[in-house]
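To start, the structure itself, in structure tokens.
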Amino acid sequence: MGIEIHDGIELWKPRIFDPRQVMVPGSFYGLCQGTNTAALTADQLYGQYFPLPRGATFDRIGIDVHTGAAGKHVRLGIYRDDDLDGYPESLVLDAGLVDVATSGEKHIIINQHLEAGLYFLAFISDGAPTLWLTSTPAYPSPLGLGGTIAYPVFVYAKTAVGYGVLPDPFTAGGSGQNDAWSIALRLFSLD
């Protein structure tokens, strides 16, 4: 009995397990653990880091409101990082508005397929409702620490954008922030 040698062919390719690929339909995916709260700044566009390790279809986008703002709304959406420079670029979905007059989870029904890649979950409000967030999450951000050795960047925020339809592309010149807001997508199915 001998060993066959095949030039250029891997007979025993190692399988590498990546736990980020484990995703459960019916579960929400985002960065927030909801340990703190903060008020949104009206007319400021936020884009929060959302890595997607595999193709998937999502059926909800939502936020978790801690303290409502009477008569106010938050517009939700998704941007793609087209060139993997760590900044949101092209608009994938403007999902519409949620009423934030009261506290609790606010969802919009969507039917959005996303290929594996880097995305940013976006939101902008015409008021200052308070949302759940995690201040300075303990895990590292692939977006780096920004221009100083300080806190990891998870969100880009652009002030004075003006409330309305989400701009396409994402407004340039957003500043990095280290909070992870309570915005998430609900998984419907995997590729």
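In the structure tokens, each chain is lettered A, B, ... as it comes, each chain's residues begin at 1, and ligands are numbered from 1 in order of appearance.
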Run DSSP on the backbone and give me the residues of stretch 40-140 of chain A it puts in strand (DSSP E), as a PyMOL selection string. chain A and resi 45-52+56-67+73-80+90-99+104-114+117-125+130-134
Closest atom pairs, stretch 108-176 of chain A residues within 12 Å of stretch 20-30 of chain A, only C-alpha atoms, as a Markdown table:
```
| residue | atom | partner | partner_atom | distance |
| --- | --- | --- | --- | --- |
| A:Ala116 | CA | A:Gln21 | CA | 10.1 |
| A:Tyr119 | CA | A:Gly30 | CA | 11.0 |
| A:Phe120 | CA | A:Gly30 | CA | 10.1 |
| A:Leu121 | CA | A:Gly30 | CA | 8.6 |
| A:Ala122 | CA | A:Gly30 | CA | 11.7 |
| A:Leu133 | CA | A:Gly30 | CA | 11.0 |
| A:Thr134 | CA | A:Gly30 | CA | 11.3 |
| A:Phe154 | CA | A:Gly30 | CA | 11.2 |
```
Go ahead and save the picked residues with C-alpha atoms, as a PDB file, in the first residue's frame.
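Output file part_23.pdb is given in full below:
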```
ATOM      1  CA  ALA A 116     -22.117  38.822   2.374  1.00  0.00           C
ATOM      2  CA  TYR A 119     -23.203  47.255   5.596  1.00  0.00           C
ATOM      3  CA  PHE A 120     -24.314  50.135   7.802  1.00  0.00           C
ATOM      4  CA  LEU A 121     -27.755  50.314   9.429  1.00  0.00           C
ATOM      5  CA  ALA A 122     -28.945  53.888   9.087  1.00  0.00           C
ATOM      6  CA  LEU A 133     -27.379  51.827  23.272  1.00  0.00           C
ATOM      7  CA  THR A 134     -24.132  50.321  24.470  1.00  0.00           C
ATOM      8  CA  PHE A 154     -18.892  51.725  15.395  1.00  0.00           C
TER       9      PHE A 154
END
```
Restricting the calculation to only C-alpha atoms, which member of A:Ala95, A:Leu31, A:Ala172, A:Leu166 is positioned closest to A:Asn111?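 Among the listed residues, the smallest separation from A:Asn111 belongs to A:Ala95.
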Name the closest residue to A:Ile108 among the candidates A:Gly62, A:Ser189, A:Pro152, A:Arg75; distances are taken between atoms, counting only C-alpha atoms. A:Gly62
Among listed residues A:Val100, A:Ala180, A:Leu143, A:Leu118, nearest A:Ala69 (using only C-alpha atoms):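 Closest candidate: A:Val100.
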Between A:Tyr151, A:Tyr163, A:Tyr156, A:Phe58, which one has atoms that come closest to A:Ile124, using only C-alpha atoms?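 When distances to A:Ile124 are compared using only C-alpha atoms, the smallest one comes from A:Tyr163.
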Expressed in Å to a single decimal, how great is the separation between atom CA of A:Asp59 and atom CA of A:Gly127?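 Spanning atom CA of A:Asp59 to atom CA of A:Gly127 is a straight-line distance of 26.2 Å.
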One number please: atom CA of A:Asp83 to atom CA of A:Gly174, in Å, one decimal.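 Answer for the atom CA of A:Asp83 to atom CA of A:Gly174 separation: 16.7 Å.
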